[in-house]
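Engineer: See upload-v9.cif below, with mmCIF, C-alpha atoms.
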```
data_work
#
loop_
_atom_site.label_atom_id
_atom_site.label_comp_id
_atom_site.auth_asym_id
_atom_site.auth_seq_id
_atom_site.Cartn_x
_atom_site.Cartn_y
_atom_site.Cartn_z
CA MET A 1 -42.15 -16.59 -119.58
CA ARG A 2 -44.98 -17.10 -117.06
CA LYS A 3 -46.47 -19.86 -119.21
CA ILE A 4 -43.09 -21.61 -119.47
CA GLY A 5 -42.78 -21.43 -115.67
CA ILE A 6 -46.26 -22.95 -115.24
CA LEU A 7 -45.51 -25.75 -117.71
CA LEU A 8 -42.16 -26.46 -116.06
CA LEU A 9 -43.77 -26.68 -112.61
CA LEU A 10 -46.49 -28.98 -113.94
CA LEU A 11 -43.79 -31.20 -115.41
CA LEU A 12 -41.88 -31.27 -112.10
CA ILE A 13 -45.05 -32.17 -110.20
CA PHE A 14 -45.79 -34.88 -112.77
CA ILE A 15 -42.25 -36.29 -112.21
CA ASN A 16 -43.03 -36.54 -108.49
CA VAL A 17 -46.30 -38.34 -109.20
CA LEU A 18 -44.38 -40.82 -111.38
CA TYR A 19 -41.77 -41.11 -108.63
CA VAL A 20 -44.35 -42.18 -106.03
CA ILE A 21 -46.02 -44.55 -108.51
CA SER A 22 -42.63 -46.15 -109.15
CA GLY A 23 -42.05 -46.42 -105.39
CA ALA A 24 -45.46 -48.03 -104.83
CA LEU A 25 -44.73 -50.56 -107.57
CA HIS A 26 -41.12 -51.39 -106.72
CA PHE A 27 -40.68 -50.79 -102.97
CA SER A 28 -43.79 -52.36 -101.51
CA LEU A 29 -43.89 -53.88 -98.01
CA ARG A 30 -40.72 -52.06 -96.88
CA SER A 31 -42.08 -50.28 -93.82
CA VAL A 32 -42.51 -52.34 -90.66
CA ASP A 33 -45.70 -50.41 -89.83
CA VAL A 34 -47.25 -51.64 -93.07
CA TYR A 35 -46.85 -55.38 -92.52
CA ALA A 36 -46.99 -55.23 -88.72
CA ILE A 37 -50.08 -53.02 -88.38
CA TRP A 38 -52.14 -51.84 -91.34
CA LEU A 39 -51.92 -54.62 -93.93
CA PHE A 40 -51.64 -57.20 -91.17
CA LYS A 41 -55.05 -56.19 -89.84
CA ALA A 42 -56.46 -55.90 -93.36
CA LYS A 43 -55.37 -59.48 -94.03
CA ALA A 44 -56.83 -60.54 -90.67
CA PHE A 45 -60.18 -58.99 -91.64
CA TYR A 46 -60.03 -60.68 -95.03
CA ILE A 47 -59.16 -64.20 -93.85
CA THR A 48 -61.62 -64.20 -90.92
CA ASP A 49 -64.33 -62.63 -93.08
CA GLY A 50 -65.41 -60.41 -90.15
CA LEU A 51 -64.03 -58.72 -87.08
CA PRO A 52 -60.71 -60.51 -86.31
CA LEU A 53 -61.05 -60.26 -82.51
CA LYS A 54 -59.10 -63.47 -81.92
CA ILE A 55 -56.08 -62.16 -83.81
CA LEU A 56 -56.35 -58.69 -82.27
CA ASN A 57 -56.42 -60.17 -78.77
CA ASP A 58 -53.53 -62.54 -79.46
CA ASN A 59 -50.49 -61.53 -77.39
CA ARG A 60 -48.11 -62.66 -80.16
CA TYR A 61 -49.44 -59.81 -82.28
CA LEU A 62 -49.38 -57.11 -79.60
CA TYR A 63 -46.98 -55.10 -81.79
CA SER A 64 -49.85 -54.55 -84.24
CA HIS A 65 -51.38 -52.00 -81.80
CA PRO A 66 -54.75 -53.80 -81.46
CA ASN A 67 -56.40 -50.69 -80.01
CA TYR A 68 -55.82 -48.58 -83.15
CA PRO A 69 -59.08 -47.79 -85.00
CA LEU A 70 -59.98 -50.37 -87.64
CA LEU A 71 -61.59 -48.33 -90.40
CA LEU A 72 -58.59 -48.31 -92.75
CA PRO A 73 -57.75 -52.06 -92.49
CA TYR A 74 -61.46 -52.76 -92.97
CA ILE A 75 -61.55 -50.65 -96.16
CA PHE A 76 -58.40 -52.44 -97.37
CA SER A 77 -60.05 -55.80 -96.69
CA LEU A 78 -63.02 -54.73 -98.82
CA ILE A 79 -60.56 -54.04 -101.65
CA TYR A 80 -59.13 -57.54 -101.13
CA LYS A 81 -62.67 -58.93 -101.40
CA VAL A 82 -63.30 -57.03 -104.63
CA VAL A 83 -60.02 -58.20 -106.24
CA GLY A 84 -60.45 -61.71 -104.82
CA GLY A 85 -57.35 -62.09 -102.64
CA ALA A 86 -54.90 -60.31 -100.32
CA LYS A 87 -53.11 -58.67 -103.25
CA GLU A 88 -51.25 -55.75 -101.68
CA ILE A 89 -50.38 -54.05 -104.95
CA TYR A 90 -53.97 -52.74 -105.28
CA ILE A 91 -53.62 -51.07 -101.88
CA PHE A 92 -50.19 -49.63 -102.72
CA LEU A 93 -51.46 -48.10 -105.94
CA LEU A 94 -54.02 -46.14 -103.90
CA TYR A 95 -51.22 -44.10 -102.33
CA PRO A 96 -50.00 -42.23 -105.43
CA PHE A 97 -53.67 -41.46 -106.08
CA VAL A 98 -54.06 -39.99 -102.56
CA TYR A 99 -50.76 -38.10 -103.05
CA THR A 100 -52.08 -36.54 -106.27
CA SER A 101 -55.46 -35.76 -104.65
CA ILE A 102 -53.72 -33.86 -101.85
CA LEU A 103 -51.76 -31.82 -104.39
CA LEU A 104 -54.98 -30.96 -106.24
CA ILE A 105 -56.72 -29.91 -103.01
CA VAL A 106 -53.74 -27.77 -101.93
CA TYR A 107 -53.72 -26.09 -105.34
CA LYS A 108 -57.47 -25.50 -105.27
CA LEU A 109 -57.33 -24.09 -101.73
CA LEU A 110 -54.47 -21.75 -102.61
CA ARG A 111 -56.40 -20.49 -105.62
CA LYS A 112 -59.46 -19.96 -103.40
CA LEU A 113 -57.20 -17.96 -101.12
CA LYS A 114 -56.43 -15.84 -104.18
CA ILE A 115 -52.85 -16.85 -104.73
CA GLY A 116 -51.74 -16.56 -108.37
CA VAL A 117 -51.38 -19.67 -110.53
CA LEU A 118 -47.58 -19.53 -110.71
CA LEU A 119 -47.06 -18.98 -106.98
CA ALA A 120 -49.65 -21.66 -106.11
CA LEU A 121 -47.84 -24.17 -108.33
CA ILE A 122 -44.47 -23.27 -106.75
CA PHE A 123 -45.93 -24.04 -103.31
CA VAL A 124 -47.61 -27.23 -104.48
CA TYR A 125 -44.33 -28.38 -106.03
CA SER A 126 -42.32 -27.52 -102.88
CA TYR A 127 -44.86 -29.38 -100.75
CA SER A 128 -44.82 -32.39 -103.08
CA MET A 129 -41.04 -32.63 -102.60
CA SER A 130 -41.09 -33.02 -98.80
CA GLY A 131 -39.57 -36.32 -97.64
CA PRO A 132 -42.41 -37.69 -95.48
CA PHE A 133 -44.97 -36.80 -98.16
CA LEU A 134 -43.03 -38.63 -100.90
CA ALA A 135 -42.47 -41.57 -98.54
CA GLN A 136 -46.15 -41.87 -97.62
CA GLY A 137 -47.18 -41.27 -101.22
CA GLY A 138 -45.49 -44.51 -102.24
CA ARG A 139 -41.76 -44.35 -101.57
CA TYR A 140 -41.29 -47.13 -98.97
CA HIS A 141 -44.28 -46.20 -96.77
CA ALA A 142 -47.25 -47.05 -98.99
CA GLY A 143 -49.64 -48.95 -96.75
CA THR A 144 -49.55 -46.65 -93.71
CA ALA A 145 -52.34 -44.39 -92.46
CA ASP A 146 -50.87 -40.91 -92.07
CA ILE A 147 -51.39 -39.76 -95.66
CA PHE A 148 -55.14 -40.37 -95.33
CA LEU A 149 -55.18 -38.15 -92.23
CA VAL A 150 -53.30 -35.46 -94.15
CA LEU A 151 -55.81 -35.70 -97.00
CA LEU A 152 -58.73 -35.33 -94.57
CA ASN A 153 -57.01 -32.47 -92.73
CA TRP A 154 -56.56 -30.55 -95.99
CA ILE A 155 -60.22 -31.11 -96.94
CA ILE A 156 -61.35 -30.01 -93.45
CA ILE A 157 -59.31 -26.80 -93.73
CA TYR A 158 -60.75 -26.26 -97.21
CA PHE A 159 -64.31 -26.57 -95.87
CA ALA A 160 -63.44 -24.38 -92.88
CA TYR A 161 -62.33 -21.67 -95.32
CA LEU A 162 -65.52 -22.08 -97.37
CA TYR A 163 -67.54 -21.73 -94.18
CA HIS A 164 -65.70 -18.51 -93.34
CA LYS A 165 -66.59 -17.19 -96.78
CA LYS A 166 -70.17 -18.39 -97.19
CA SER A 167 -71.42 -19.29 -93.67
CA ASN A 168 -73.24 -22.30 -95.11
CA ASN A 169 -74.07 -24.95 -92.50
CA LYS A 170 -73.40 -27.83 -94.91
CA TYR A 171 -69.67 -27.11 -94.60
CA LEU A 172 -69.89 -27.52 -90.82
CA LEU A 173 -71.57 -30.89 -91.24
CA PHE A 174 -68.88 -31.96 -93.72
CA ILE A 175 -66.19 -30.98 -91.19
CA VAL A 176 -67.91 -33.01 -88.43
CA LEU A 177 -68.27 -36.00 -90.76
CA LEU A 178 -64.66 -35.86 -91.96
CA THR A 179 -63.35 -35.45 -88.41
CA ALA A 180 -65.34 -38.52 -87.41
CA VAL A 181 -63.75 -40.45 -90.29
CA ALA A 182 -60.26 -39.13 -89.41
CA SER A 183 -60.71 -40.27 -85.80
CA GLN A 184 -61.39 -43.79 -87.06
CA ILE A 185 -58.28 -43.89 -89.24
CA LYS A 186 -55.91 -43.03 -86.42
CA ALA A 187 -56.78 -41.96 -82.88
CA GLU A 188 -54.98 -38.62 -83.28
CA GLY A 189 -57.22 -37.84 -86.26
CA VAL A 190 -59.76 -36.52 -83.76
CA PHE A 191 -57.44 -33.61 -82.88
CA ILE A 192 -58.45 -31.78 -86.06
CA SER A 193 -61.91 -31.28 -84.49
CA THR A 194 -60.21 -28.33 -82.74
CA VAL A 195 -60.84 -26.37 -85.96
CA LEU A 196 -64.57 -26.47 -85.11
CA LEU A 197 -63.92 -24.59 -81.87
CA PHE A 198 -62.41 -21.65 -83.75
CA LEU A 199 -64.98 -21.18 -86.48
CA PRO A 200 -67.28 -18.13 -86.37
CA VAL A 201 -70.27 -20.10 -85.04
CA LYS A 202 -72.54 -19.57 -82.01
CA ARG A 203 -71.09 -21.13 -78.87
CA SER A 204 -73.98 -23.60 -78.33
CA LYS A 205 -73.75 -24.77 -81.95
CA LYS A 206 -69.99 -25.07 -81.64
CA ILE A 207 -70.29 -27.32 -78.59
CA ILE A 208 -72.89 -29.54 -80.29
CA LEU A 209 -70.74 -29.93 -83.42
CA PHE A 210 -67.58 -30.57 -81.42
CA THR A 211 -69.36 -33.21 -79.30
CA LEU A 212 -70.76 -34.86 -82.44
CA SER A 213 -67.25 -35.10 -83.92
CA LEU A 214 -66.05 -36.86 -80.75
CA ILE A 215 -68.79 -39.54 -80.72
CA PRO A 216 -66.98 -42.13 -82.94
CA THR A 217 -63.88 -41.85 -80.72
CA LEU A 218 -65.95 -42.40 -77.58
CA ILE A 219 -67.70 -45.39 -79.18
CA TRP A 220 -64.35 -46.86 -80.24
CA LEU A 221 -62.86 -46.39 -76.74
CA SER A 222 -65.83 -48.16 -75.17
CA LEU A 223 -65.57 -50.99 -77.71
CA ILE A 224 -61.88 -51.67 -77.05
CA LYS A 225 -62.70 -51.76 -73.34
CA ARG A 226 -65.58 -54.16 -73.94
CA TRP A 227 -63.53 -56.43 -76.19
CA GLY A 228 -60.68 -56.40 -73.70
CA MET A 229 -58.10 -55.36 -76.26
CA PRO A 230 -54.64 -54.89 -74.76
CA SER A 231 -53.58 -51.24 -74.59
CA ASP A 232 -49.96 -50.51 -75.48
CA LEU A 233 -49.84 -46.96 -74.13
CA THR A 234 -51.22 -45.46 -70.92
CA TYR A 235 -50.83 -42.02 -69.38
CA PHE A 236 -49.59 -40.74 -66.01
CA ILE A 237 -48.86 -37.49 -64.22
CA PRO A 238 -45.09 -37.07 -63.91
CA SER A 239 -43.32 -35.12 -61.17
CA VAL A 240 -42.40 -31.47 -61.75
CA TYR A 241 -38.76 -32.40 -62.34
CA GLU A 242 -39.80 -35.07 -64.82
CA ILE A 243 -42.13 -32.65 -66.63
CA ILE A 244 -39.21 -30.24 -67.12
CA SER A 245 -36.78 -32.93 -68.24
CA ARG A 246 -39.36 -34.60 -70.54
CA SER A 247 -40.34 -31.22 -72.04
CA PHE A 248 -36.70 -30.51 -72.76
CA ASP A 249 -36.30 -33.91 -74.46
CA ILE A 250 -39.45 -33.41 -76.54
CA LEU A 251 -38.35 -29.96 -77.73
CA LYS A 252 -34.85 -31.24 -78.44
CA TYR A 253 -35.99 -34.11 -80.64
CA VAL A 254 -38.64 -31.99 -82.37
CA ALA A 255 -35.90 -29.44 -83.18
CA ILE A 256 -33.59 -32.21 -84.45
CA GLU A 257 -36.33 -33.44 -86.79
CA MET A 258 -37.08 -29.89 -87.95
CA LEU A 259 -33.44 -29.51 -88.91
CA ASN A 260 -33.45 -32.85 -90.76
CA TYR A 261 -32.82 -31.44 -94.24
CA LYS A 262 -33.39 -34.83 -95.88
CA ASN A 263 -37.02 -34.69 -94.82
CA TRP A 264 -37.81 -30.99 -94.75
CA TYR A 265 -34.93 -29.21 -96.52
CA ILE A 266 -34.96 -25.75 -94.92
CA PHE A 267 -38.71 -25.49 -94.45
CA TRP A 268 -38.80 -25.22 -90.66
CA PRO A 269 -36.08 -22.56 -90.20
CA LEU A 270 -37.79 -20.52 -92.93
CA PHE A 271 -41.18 -21.10 -91.33
CA PHE A 272 -40.05 -19.62 -88.00
CA ILE A 273 -38.29 -16.69 -89.69
CA SER A 274 -41.42 -16.00 -91.75
CA LEU A 275 -43.46 -15.66 -88.54
CA PHE A 276 -41.34 -12.66 -87.56
CA ILE A 277 -40.97 -10.87 -90.87
CA THR A 278 -44.42 -11.28 -92.41
CA LYS A 279 -47.95 -10.32 -91.49
CA ASN A 280 -51.11 -12.23 -92.21
CA THR A 281 -54.18 -10.09 -91.66
CA SER A 282 -56.78 -12.60 -92.84
CA ALA A 283 -59.53 -13.30 -90.26
CA PHE A 284 -59.55 -16.96 -91.27
CA PHE A 285 -55.91 -17.26 -90.25
CA LYS A 286 -56.05 -15.10 -87.15
CA ASN A 287 -59.22 -16.63 -85.72
CA THR A 288 -59.15 -20.23 -86.98
CA ILE A 289 -55.83 -21.51 -88.36
CA TYR A 290 -53.40 -20.01 -85.83
CA PRO A 291 -55.29 -21.02 -82.66
CA SER A 292 -56.08 -24.49 -84.05
CA THR A 293 -52.41 -25.07 -84.90
CA ILE A 294 -51.31 -24.03 -81.41
CA ILE A 295 -53.92 -26.18 -79.64
CA ILE A 296 -53.27 -29.29 -81.80
CA SER A 297 -49.49 -28.91 -81.38
CA LEU A 298 -49.90 -28.60 -77.61
CA THR A 299 -52.11 -31.70 -77.59
CA PHE A 300 -49.39 -33.72 -79.33
CA PHE A 301 -46.86 -32.27 -76.90
CA SER A 302 -49.05 -33.43 -73.98
CA VAL A 303 -49.31 -36.94 -75.43
CA TYR A 304 -45.50 -37.16 -75.50
CA LEU A 305 -45.25 -35.64 -72.03
CA PHE A 306 -47.74 -37.87 -70.22
CA THR A 307 -47.16 -41.23 -71.94
CA LYS A 308 -46.11 -43.76 -69.32
CA GLU A 309 -44.60 -46.70 -71.21
CA VAL A 310 -42.06 -44.89 -73.37
CA THR A 311 -39.90 -41.89 -72.63
CA PRO A 312 -39.77 -38.97 -75.10
CA ILE A 313 -36.18 -40.05 -75.92
CA GLU A 314 -37.61 -43.18 -77.58
CA TYR A 315 -41.07 -41.97 -78.53
CA VAL A 316 -40.37 -38.59 -80.19
CA PRO A 317 -37.61 -39.62 -82.66
CA ALA A 318 -39.69 -42.67 -83.68
CA SER A 319 -42.81 -40.71 -84.53
CA ILE A 320 -42.21 -36.97 -84.91
CA ASP A 321 -41.69 -37.04 -88.70
CA ARG A 322 -45.17 -38.53 -89.07
CA ILE A 323 -46.70 -36.07 -86.60
CA LEU A 324 -45.15 -33.09 -88.40
CA PHE A 325 -46.44 -34.54 -91.65
CA GLN A 326 -49.93 -34.83 -90.16
CA LEU A 327 -49.68 -31.20 -89.05
CA SER A 328 -48.29 -30.07 -92.41
CA PRO A 329 -51.65 -28.79 -93.73
CA LEU A 330 -51.73 -26.22 -90.92
CA PHE A 331 -48.05 -25.25 -90.88
CA CYS A 332 -47.61 -25.21 -94.67
CA LEU A 333 -50.69 -23.07 -95.09
CA ILE A 334 -49.44 -20.54 -92.54
CA PHE A 335 -46.07 -20.44 -94.30
CA THR A 336 -47.52 -20.30 -97.80
CA LEU A 337 -49.93 -17.51 -96.99
CA SER A 338 -47.26 -15.41 -95.31
CA ILE A 339 -44.99 -15.42 -98.36
CA PRO A 340 -47.02 -13.21 -100.76
CA SER A 341 -46.84 -10.30 -98.28
CA LEU A 342 -43.07 -10.28 -98.84
CA PHE A 343 -43.54 -9.33 -102.48
CA ILE A 344 -46.07 -6.51 -102.11
CA SER A 345 -46.37 -3.40 -99.94
CA HIS A 346 -48.67 -3.30 -96.91
CA HIS A 347 -51.03 -0.93 -98.72
CA LYS A 348 -51.52 -3.53 -101.41
CA VAL A 349 -51.76 -6.30 -98.84
CA SER A 350 -54.77 -4.67 -97.26
CA ARG A 351 -56.41 -3.85 -100.60
CA HIS A 352 -55.62 -7.01 -102.48
CA LEU A 353 -54.62 -9.60 -99.94
CA TYR A 354 -52.58 -11.74 -102.30
CA PRO A 355 -50.90 -11.22 -105.68
CA GLY A 356 -53.45 -13.19 -107.66
CA ASP A 357 -56.36 -11.24 -106.21
CA LYS A 358 -56.46 -8.40 -108.75
CA GLU A 359 -55.93 -10.77 -111.62
CA LEU A 360 -58.88 -12.84 -110.43
CA GLU A 361 -61.16 -9.82 -110.19
CA ASN A 362 -60.36 -8.85 -113.75
CA ASN A 363 -60.66 -12.36 -115.07
CA LYS A 364 -64.01 -13.64 -113.91
CA GLN A 365 -63.85 -16.69 -116.14
CA ARG A 366 -60.69 -17.93 -114.52
CA LYS A 367 -59.37 -21.24 -115.64
CA LEU A 368 -57.75 -23.58 -113.19
CA VAL A 369 -54.62 -25.22 -114.44
CA PHE A 370 -55.65 -28.65 -113.19
CA MET B 1 -36.03 -5.65 -91.78
CA ARG B 2 -35.88 -4.94 -95.52
CA LEU B 3 -32.50 -6.69 -95.71
CA LEU B 4 -33.89 -9.66 -93.76
CA ARG B 5 -36.81 -9.94 -96.17
CA ARG B 6 -34.50 -9.75 -99.17
CA GLY B 7 -32.26 -12.44 -97.65
CA PHE B 8 -35.33 -14.56 -96.98
CA ASN B 9 -36.42 -14.27 -100.62
CA VAL B 10 -32.92 -15.23 -101.81
CA ILE B 11 -32.95 -18.35 -99.58
CA LEU B 12 -36.41 -19.25 -100.90
CA PHE B 13 -35.13 -18.96 -104.46
CA ILE B 14 -32.05 -21.12 -103.70
CA TRP B 15 -34.34 -23.68 -102.05
CA LEU B 16 -36.44 -23.85 -105.20
CA ILE B 17 -33.32 -24.40 -107.32
CA VAL B 18 -32.20 -27.23 -104.98
CA LEU B 19 -35.65 -28.82 -105.30
CA VAL B 20 -35.50 -28.67 -109.10
CA LEU B 21 -32.05 -30.32 -109.01
CA ARG B 22 -33.47 -32.96 -106.70
CA SER B 23 -36.16 -33.67 -109.29
CA PHE B 24 -33.40 -34.73 -111.70
CA VAL B 25 -32.39 -37.37 -109.14
CA HIS B 26 -36.02 -38.53 -109.10
CA VAL B 27 -36.00 -38.89 -112.89
CA LYS B 28 -32.83 -40.98 -112.70
CA ARG B 29 -34.33 -43.20 -109.98
CA ILE B 30 -37.58 -43.67 -111.91
CA TYR B 31 -35.56 -44.78 -114.93
CA ILE B 32 -33.47 -47.25 -112.87
CA GLU B 33 -36.51 -48.65 -111.06
CA PHE B 34 -38.46 -49.28 -114.24
CA THR B 35 -35.51 -50.86 -116.03
CA LYS B 36 -34.11 -53.09 -113.25
CA THR B 37 -35.94 -55.76 -111.25
CA PRO B 38 -35.74 -54.96 -107.51
CA LEU B 39 -34.86 -57.71 -105.05
CA PRO B 40 -37.44 -58.71 -102.41
CA TYR B 41 -36.92 -56.89 -99.10
CA PHE B 42 -36.48 -60.01 -96.95
CA GLU B 43 -35.48 -62.58 -99.51
CA ASN B 44 -35.10 -65.46 -97.04
CA VAL B 45 -38.35 -64.84 -95.14
CA LYS B 46 -41.22 -66.82 -96.58
CA ALA B 47 -44.55 -67.98 -95.15
CA CYS B 48 -44.16 -71.28 -93.29
CA SER B 49 -40.36 -71.27 -93.58
CA ASP B 50 -37.88 -71.36 -90.70
CA GLY B 51 -34.61 -70.39 -92.34
CA TRP B 52 -34.24 -66.86 -90.96
CA ASP B 53 -33.39 -64.96 -87.79
CA LYS B 54 -36.48 -64.94 -85.57
CA ASN B 55 -34.91 -62.48 -83.12
CA ASP B 56 -35.04 -59.72 -85.72
CA PHE B 57 -38.26 -57.81 -84.99
CA ALA B 58 -38.81 -56.66 -88.57
CA LYS B 59 -38.26 -60.17 -89.98
CA ARG B 60 -40.44 -61.79 -87.31
CA THR B 61 -43.36 -59.43 -87.98
CA TYR B 62 -42.87 -59.88 -91.72
CA TYR B 63 -43.01 -63.65 -91.27
CA ASN B 64 -46.15 -63.31 -89.12
CA TYR B 65 -47.71 -61.19 -91.85
CA LEU B 66 -46.88 -63.69 -94.59
CA SER B 67 -47.98 -66.67 -92.50
CA LEU B 68 -51.28 -65.17 -91.36
CA GLY B 69 -53.99 -67.42 -92.68
CA GLU B 70 -51.51 -69.99 -94.03
CA LYS B 71 -51.86 -73.58 -92.87
CA CYS B 72 -48.25 -74.45 -92.09
CA GLU B 73 -47.33 -78.05 -91.23
CA LYS B 74 -45.09 -78.13 -88.15
#
```
Would you write out, as structure tokens, the structure that this file holds?

Structural biologist:
Amino acid sequence: MRKIGILLLLLLIFINVLYVISGALHFSLRSVDVYAIWLFKAKAFYITDGLPLKILNDNRYLYSHPNYPLLLPYIFSLIYKVVGGAKEIYIFLLYPFVYTSILLIVYKLLRKLKIGVLLALIFVYSYSMSGPFLAQGGRYHAGTADIFLVLLNWIIIYFAYLYHKKSNNKYLLFIVLLTAVASQIKAEGVFISTVLLFLPVKRSKKIILFTLSLIPTLIWLSLIKRWGMPSDLTYFIPSVYEIISRSFDILKYVAIEMLNYKNWYIFWPLFFISLFITKNTSAFFKNTIYPSTIIISLTFFSVYLFTKEVTPIEYVPASIDRILFQLSPLFCLIFTLSIPSLFISHHKVSRHLYPGDKELENNKQRKLVF
Amino acid sequence: MRLLRRGFNVILFIWLIVLVLRSFVHVKRIYIEFTKTPLPYFENVKACSDGWDKNDFAKRTYYNYLSLGEKCEK
């Protein structure tokens, strides 16, 4: 019965992979962000054969957010060079590959966290079904940047867990490196560096690593100032009344998105209920994942609160699905890891943290399904 | 609390069933998409062409994307 369940889940996950491949092949160039920002800049890099400063500084193309980091369009332009033309299909086919890679990393992380094969596959399948993930994997949104951030965030969390387990410095360096890359894909990618602040490392080392992870962002900010690139968003300090009214608007639209069953089904209501009825005693979660999630969420909240040009009424509904998707590695992991405690008693929770734990101890030559 | 946990597990199970049903929709869509030729998103927007509504933001940016690098005679 267990084997049938595993095979069925693998089949369902495979259907989703096919689904995103089909989307990438048949619904390309459907998202305005793709042809207005990411592939637009990639094409600009390709046709100018260098940094397209003239195009980026052109007021006609202000909608392309010239001050966004350029790493991803640059990588896309390299693909164009390899294939000998601005053939978007090669870019779009990358997205199902990234989608599958994320699923593999999630599965591997869950197995490291000693979740059983069947339960891990159920979570991977549920995650693979979420609307924004399918969209970014190839259904209409292939060509955007968020899925790459999600991939990096999952890998960073994976390395953070390995550091907790083995205290090997190489994992810290990987986290710094990946955070630096994430910050150059999208500006908010740098927020994941918060994880570094909550790892069990000496304070001086922590500060050095955190500062190192911020360097690419600081370099990029100085470059856009030097090149005189127009900035589309600036920040201000609102009045107390405005802070209250803006906060209310932000929370309202975040709640509306969380109840959007087409994107998230009933994930968010279940997530909040699970916080009350389950206990997660793992040090990794208590000391690293929970505080990082709170700090990163508050940082996004502050961005919405202090942005001058657009009010939260316009800004939040237009972007919150992507932000929640970017944060999904943290929230989904908290949810996923709280579920096993529902099935076993607290005595067992403390002895064998998760259901697959005992099985793993007995079976040293464990075989991963993937 | 026990009742709440049991209810939570039931909802989780129902959610999983809904997801599996949703996968059937995906199979149907995959079949349709691989057997029918989809129409272009903005059929009338082409690089260097003027026959479309320039006030539409999506169409204008799409046109700019297509025309980038094209030498259009005006």

Engineer: Starting from the displayed file, determine the output of the PyMOL selection byres ((chain B) within 10 of (chain A)) and express the residue list as a count of residues only.

Structural biologist: 46

Engineer: Mind giving me the straight-line distance from CA of Asp321 (chain A) to CA of Tyr140 (chain A) in Å, one decimal?

Structural biologist: 14.4 Å

Engineer: Taking (-47.4, -25.6, -82.8) in the file's coordinates, which residues come within 12 Å, counting all atoms listed in the file, written as JSON, numbers by chain?

Structural biologist: {"A": [251, 254, 268, 271, 272, 289, 290, 291, 292, 293, 294, 295, 296, 297, 298, 299, 300, 301, 302, 323, 324, 327, 328, 330, 331, 332, 334]}

Engineer: Work out how far CA of Leu333 (chain A) is from CA of Lys279 (chain A), in Å to one decimal.

Structural biologist: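 Rounded to one decimal, the two atoms are 13.5 Å apart.
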
Engineer: With only C-alpha atoms as the counted atoms, please give the residues lying no more than 8 Å from region 88-102 of chain A, apart from itself and same-chain residues fewer than 2 positions off, as an MDAnalysis selection string.

Structural biologist: chainID A and resid 17 20:21 24:25 28 39 76 79 86 104:106 133 136:138 142:143 147:148 150:151 154

Engineer: Could you work out how far CA of Leu71 (chain A) lies from CA of Pro329 (chain A), giving the answer in Å with one decimal?

Structural biologist: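 For CA of Pro329 (chain A) relative to CA of Leu71 (chain A), the distance reads 22.2 Å.
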
Engineer: What would the selection look like, as a list in words, if the PyMOL selection byres ((chain A and resi 119) around 12) were run on the coordinates I just shared?

Structural biologist: Arg2, Gly5, Ile6, Leu9, Tyr107, Leu110, Arg111, Leu113, Lys114, Ile115, Gly116, Val117, Leu118, Ala120, Leu121, Ile122, Phe123, Val124, Tyr125, Ser126, Thr336, Leu337, Ile339, Pro340, Phe343, Tyr354, Pro355 and Gly356 of chain A; Leu16 of chain B

Engineer: Please identify all polymer residues within 12 Å of region 166-180 of chain A, counting only C-alpha atoms, omitting same-chain residues fewer than 3 positions from it, and present them as a short mmCIF file (atom, residue, chain, number, x, y, z; two decimals) with C-alpha atoms, in the coordinates of the input.

Structural biologist:
```
data_model
loop_
_atom_site.label_atom_id
_atom_site.label_comp_id
_atom_site.auth_asym_id
_atom_site.auth_seq_id
_atom_site.Cartn_x
_atom_site.Cartn_y
_atom_site.Cartn_z
CA PRO A 69 -59.08 -47.79 -85.00
CA LEU A 71 -61.59 -48.33 -90.40
CA PHE A 148 -55.14 -40.37 -95.33
CA LEU A 149 -55.18 -38.15 -92.23
CA VAL A 150 -53.30 -35.46 -94.15
CA LEU A 151 -55.81 -35.70 -97.00
CA LEU A 152 -58.73 -35.33 -94.57
CA ASN A 153 -57.01 -32.47 -92.73
CA TRP A 154 -56.56 -30.55 -95.99
CA ILE A 155 -60.22 -31.11 -96.94
CA ILE A 156 -61.35 -30.01 -93.45
CA ILE A 157 -59.31 -26.80 -93.73
CA TYR A 158 -60.75 -26.26 -97.21
CA PHE A 159 -64.31 -26.57 -95.87
CA ALA A 160 -63.44 -24.38 -92.88
CA TYR A 161 -62.33 -21.67 -95.32
CA LEU A 162 -65.52 -22.08 -97.37
CA TYR A 163 -67.54 -21.73 -94.18
CA SER A 183 -60.71 -40.27 -85.80
CA GLN A 184 -61.39 -43.79 -87.06
CA ILE A 185 -58.28 -43.89 -89.24
CA LYS A 186 -55.91 -43.03 -86.42
CA ALA A 187 -56.78 -41.96 -82.88
CA GLU A 188 -54.98 -38.62 -83.28
CA GLY A 189 -57.22 -37.84 -86.26
CA VAL A 190 -59.76 -36.52 -83.76
CA PHE A 191 -57.44 -33.61 -82.88
CA ILE A 192 -58.45 -31.78 -86.06
CA SER A 193 -61.91 -31.28 -84.49
CA THR A 194 -60.21 -28.33 -82.74
CA VAL A 195 -60.84 -26.37 -85.96
CA LEU A 196 -64.57 -26.47 -85.11
CA LEU A 197 -63.92 -24.59 -81.87
CA PHE A 198 -62.41 -21.65 -83.75
CA LEU A 199 -64.98 -21.18 -86.48
CA PRO A 200 -67.28 -18.13 -86.37
CA VAL A 201 -70.27 -20.10 -85.04
CA LYS A 202 -72.54 -19.57 -82.01
CA LYS A 205 -73.75 -24.77 -81.95
CA LYS A 206 -69.99 -25.07 -81.64
CA ILE A 207 -70.29 -27.32 -78.59
CA ILE A 208 -72.89 -29.54 -80.29
CA LEU A 209 -70.74 -29.93 -83.42
CA PHE A 210 -67.58 -30.57 -81.42
CA THR A 211 -69.36 -33.21 -79.30
CA LEU A 212 -70.76 -34.86 -82.44
CA SER A 213 -67.25 -35.10 -83.92
CA LEU A 214 -66.05 -36.86 -80.75
CA ILE A 215 -68.79 -39.54 -80.72
CA PRO A 216 -66.98 -42.13 -82.94
CA THR A 217 -63.88 -41.85 -80.72
CA LEU A 218 -65.95 -42.40 -77.58
CA ILE A 219 -67.70 -45.39 -79.18
CA TRP A 220 -64.35 -46.86 -80.24
#
```
